[in-house]
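Trainee: One structure is given below, represented as structure tokens, and several questions about it will come after.
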Amino acid sequence: MSVGTGGAHGALRARDVRGASAPWHDDTAGAGPGLGIDPDDLPDGIVVADEHGRVVCFNAAAARITAVPAAEALGRRLEAALPLEDLEGRRWWQLTDPYGGLAIRNGQPERNLLLPGGREILVSARYVRTHPTGPVRRVVVCLRDTEARRRTERSHAELIATVAHELRSPLTSVKGFTATLLAKWERFTDDQKKLMLETVDADANRVTRLIAELLDISRIDSGRLELRRQPVDIGAAVGRHIQAYVASGQPADRFLLRIEQPLPGLWADPDKIDQVLSNLIENAVRHGEGTVTIDVAPSTSPRERPDEEGTANAVTSVTVSDEGTGIPEESMNRVFTRFWRGSKRGGTGLGLYIVKGIVEAHGGTITVGRAPGGGAEFRFTLPVGTPAYLL
């Protein structure tokens with residue numbers, strides 16, 4: 001079976017690797033006889049050295065990660081073609097001695113090592129033997145760039161910092177007011193006590209919301225967001241949110257609800273849909289201006305393939321728009337990322353990230369654009385119809 005690419009170097013790699021004691025496909029997970037694998041097609045850097053420690057395979061990803069052309073690496077000693085050092089400056093191949101040492105070793109776990117110049121990469125290795133305690137016939141090294149992992153680590157660090165900041169303020173308030181009330185209860189009037197207790201209650205609600213958001217993010221990122229689908233009247237759900245804002249003091253004429261009938265039956269998680277509507281309408285009220293318009297209408301999804309009868313799949317679309325300044329064009333592609341804030345007026349910047357996760361968990365889509373009145377316009381769609389397990 002050929003594993004090399006075309007040209008002289010490809011022939012060298014294919015001949016030397018196939019000439020080893022065990023076929024290449026026996027050492028590659030999921031590969032089998034007759035399945036051609038080109039090392040240059042693999043996403044990770046792969047470096048293979050033969051029983052003499054000379055490089056016989058140096059794929060394109062390895063060349064990209066190390067900045068060493070494959071032509072220069074092939075045929076050289078492994079320690080010369082891939083001069084790695086650990087984080088303490090020790091030469092890695094001399095330290096680990098893959099061709100010597102204990103015969104029971106089968107490789108090296110993934111760890112951070114340094115290329116010449118100090119660039120950090122992730123390296124793991126496997127020692128291929130003809131039998132468990134036999135001599136090493138090949139050393140297979142896997143190289144990975146650390147940039148993706150660093151981005152993830154930065155994101156986690158930013159999340160922790162944001163959570164710590166958001167929790168500190170309300171918890172400090174709760175602690176301060178409760179300690180004051182306990183120590184000097186008799187000195188305050190009933191109105192003063194009520195004001196402090198209302199502040200404590202509001203801050204406790206703020207902490208509860210933040211914890212709920214963190215749990216939602218965890219479930220979305222891990223793919224474990226549970227949906228309890230049932231029939232949902234989306235028009236009535238929007239109406240309830242509008243009534244709540246009017247009851248809290250917003251003028252009724254600030255909201256315009258337009259529902260295009262008939263709406264198809266929608267099966268969704270009502271609590272999660274309320275969460276989506278609450279976030280989008282609250283953003284329009286807090287950060288937008290003028291009339292907040294909510295359009296609910298049946299539609300078709302252009303992103304879905306037509307069904308067997310040739311008709312596009314039906315969806316319910318909900319559009320929330322305002323007449324404010326809108327979202328700058330350069331920020332449009334960051335709206336649904338973590339910690340994005342449209343203004344400096346509070347918030348954790350997690351709401352729209354969660355909204356997108358909820359909508360996509362339902363099989364829908366969400367987009368952002370500029371409304372006809374100049375403000376922001378959010379539109380999300382949800383597929384309709386009875387779930388397959390109920391048919």
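Residue numbers start at 1 in each chain; chains themselves are named A, B, ... in the order of the structure tokens; ligands are numbered from 1 in the order shown.
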List every residue of range 186-249 of chain A that DSSP, applied to the backbone of this structure, assigns to helix (DSSP H, G or I), and report them as a ChimeraX atom specification.

Mentor: /A:186-187,190-222,234-247

Trainee: One number please: CA of Asp40 in chain A to CA of Ala73 in chain A, in Å, one decimal.

Mentor: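 Distance between the two atoms: 14.7 Å.
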
Trainee: Considering only C-alpha atoms, return as a list in words whatever protein or nucleic-acid residues lie within 7 Å of Glu51 in chain A, sequence-local ones (same chain, fewer than 3 positions apart) excluded.

Mentor: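 That gives Val136, Arg137 and Arg138 of chain A.
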
Trainee: For the selection just defined, write its residues with N, CA and C atoms to a file, as a short mmCIF file (atom, residue, chain, number, x, y, z; two decimals), in the first residue's frame.

Mentor:
data_model
loop_
_atom_site.label_atom_id
_atom_site.label_comp_id
_atom_site.auth_asym_id
_atom_site.auth_seq_id
_atom_site.Cartn_x
_atom_site.Cartn_y
_atom_site.Cartn_z
N VAL A 136 13.65 -1.26 18.29
CA VAL A 136 12.78 -0.28 17.66
C VAL A 136 13.02 -0.29 16.15
N ARG A 137 11.97 -0.51 15.38
CA ARG A 137 12.09 -0.52 13.93
C ARG A 137 11.68 0.81 13.31
N ARG A 138 10.80 1.53 13.98
CA ARG A 138 10.41 2.85 13.51
C ARG A 138 10.06 3.72 14.71
#

Trainee: Hey, what's within 12 Å of Asn205 in chain A if we count only C-alpha atoms and toss same-chain stuff fewer than 5 positions away? As a VMD selection string, please?

Mentor: chain A and resid 167 170 to 171 174 198 to 200 210 to 212

Trainee: Could you find all residues in range 260-375 of chain A that DSSP calls strand (DSSP E or B) from the backbone, and write them as a VMD selection string?

Mentor: chain A and resid 267 to 268 292 to 300 314 to 321 365 to 370

Trainee: Near Leu74 in chain A, counting only C-alpha atoms, which residues have an atom at most 8 Å away, once you skip same-chain residues fewer than 5 positions from it, shown as a PDB file with N, CA and C atoms, in the first residue's frame?

Mentor:
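Wrote it out as part-v3.pdb, contents follow:
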ATOM      1  N   HIS A   9      10.891  12.104  -3.468  1.00  0.00           N
ATOM      2  CA  HIS A   9      10.744  12.002  -2.020  1.00  0.00           C
ATOM      3  C   HIS A   9       9.561  11.130  -1.663  1.00  0.00           C
ATOM      4  N   ARG A  54      16.990   7.371  10.766  1.00  0.00           N
ATOM      5  CA  ARG A  54      16.958   8.335   9.668  1.00  0.00           C
ATOM      6  C   ARG A  54      15.518   8.583   9.228  1.00  0.00           C
ATOM      7  N   VAL A  55      15.221   9.839   8.912  1.00  0.00           N
ATOM      8  CA  VAL A  55      13.852  10.245   8.577  1.00  0.00           C
ATOM      9  C   VAL A  55      13.469   9.702   7.213  1.00  0.00           C
ATOM     10  N   VAL A  56      12.340   8.962   7.165  1.00  0.00           N
ATOM     11  CA  VAL A  56      11.841   8.416   5.902  1.00  0.00           C
ATOM     12  C   VAL A  56      10.491   9.009   5.527  1.00  0.00           C
ATOM     13  N   CYS A  57       9.884   9.762   6.442  1.00  0.00           N
ATOM     14  CA  CYS A  57       8.603  10.421   6.148  1.00  0.00           C
ATOM     15  C   CYS A  57       8.573  11.746   6.885  1.00  0.00           C
ATOM     16  N   PHE A  58       8.263  12.797   6.152  1.00  0.00           N
ATOM     17  CA  PHE A  58       8.182  14.149   6.720  1.00  0.00           C
ATOM     18  C   PHE A  58       7.077  14.855   5.949  1.00  0.00           C
ATOM     19  N   ALA A  81      17.124  16.426  11.992  1.00  0.00           N
ATOM     20  CA  ALA A  81      15.983  16.942  11.232  1.00  0.00           C
ATOM     21  C   ALA A  81      14.947  17.596  12.150  1.00  0.00           C
TER      22      ALA A  81
END

Trainee: Please identify all polymer residues within 8 Å of Thr316 in chain A, counting only C-alpha atoms, omitting same-chain residues fewer than 6 positions from it, and present them as a list in words.

Mentor: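 My list of contacting residues is Leu263, Pro264, Leu266, Val296, Ala297, Pro298, Ser299, Thr300, Thr381, Leu382, Pro383 and Val384 of chain A.
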
Trainee: Could you tell me which of A:Asp322, A:Glu226, A:Asp97, A:Glu260 comes closest to Glu289 in chain A if we count only C-alpha atoms?

Mentor: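 Closest to Glu289 in chain A of all the choices is A:Asp322.
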
Trainee: Tell me, in Å to one decimal, how far CA of Asp41 in chain A is from CA of Leu115 in chain A.

Mentor: 23.0 Å

Trainee: Within 12 Å of range 59-70 of chain A, counting only C-alpha atoms, which residues show up once you throw out same-chain ones fewer than 6 positions away? Write them as a PyMOL selection string, please.

Mentor: chain A and resi 3-5+8-10+12-14+37-48+76+80-84+113-123+140-147

Trainee: With C-alpha atoms kept, could you save the residues just selected as a short mmCIF file (atom, residue, chain, number, x, y, z; two decimals), in the first residue's frame?

Mentor:
data_model
loop_
_atom_site.label_atom_id
_atom_site.label_comp_id
_atom_site.auth_asym_id
_atom_site.auth_seq_id
_atom_site.Cartn_x
_atom_site.Cartn_y
_atom_site.Cartn_z
CA VAL A 3 1.63 6.13 1.65
CA GLY A 4 3.95 8.51 -0.17
CA THR A 5 3.35 11.40 -2.51
CA ALA A 8 11.45 11.21 -5.64
CA HIS A 9 10.74 12.00 -2.02
CA GLY A 10 7.33 10.37 -2.19
CA LEU A 12 11.55 7.26 -0.86
CA ARG A 13 8.91 7.52 1.83
CA ALA A 14 6.71 4.81 0.33
CA ILE A 37 -3.13 7.19 2.85
CA ASP A 38 -1.04 10.16 1.80
CA PRO A 39 0.81 11.59 4.83
CA ASP A 40 0.36 15.06 3.35
CA ASP A 41 -3.40 14.66 3.78
CA LEU A 42 -3.10 14.25 7.56
CA PRO A 43 -3.90 17.32 9.68
CA ASP A 44 -1.04 16.76 12.14
CA GLY A 45 2.66 16.78 11.45
CA ILE A 46 3.99 13.25 10.98
CA VAL A 47 7.69 12.38 11.09
CA VAL A 48 8.82 8.75 10.72
CA ARG A 76 18.79 12.96 7.94
CA ALA A 80 19.17 16.65 13.29
CA ALA A 81 15.98 16.94 11.23
CA LEU A 82 13.86 17.61 14.32
CA PRO A 83 16.08 19.26 16.97
CA LEU A 84 13.75 19.49 19.94
CA LEU A 113 8.66 20.96 23.46
CA LEU A 114 10.62 23.75 21.81
CA LEU A 115 11.84 24.12 18.23
CA PRO A 116 15.01 26.12 17.46
CA GLY A 117 14.12 29.74 18.09
CA GLY A 118 11.92 28.92 21.06
CA ARG A 119 8.66 28.14 19.27
CA GLU A 120 6.54 25.78 21.36
CA ILE A 121 4.81 22.75 19.83
CA LEU A 122 3.04 19.63 21.09
CA VAL A 123 4.96 16.40 20.45
CA VAL A 140 6.62 7.78 14.60
CA VAL A 141 6.43 11.36 15.84
CA CYS A 142 3.26 13.47 15.84
CA LEU A 143 3.57 17.27 15.86
CA ARG A 144 0.80 19.74 16.66
CA ASP A 145 0.72 23.50 16.70
CA THR A 146 -0.16 24.95 20.11
CA GLU A 147 -2.01 28.03 18.81
#
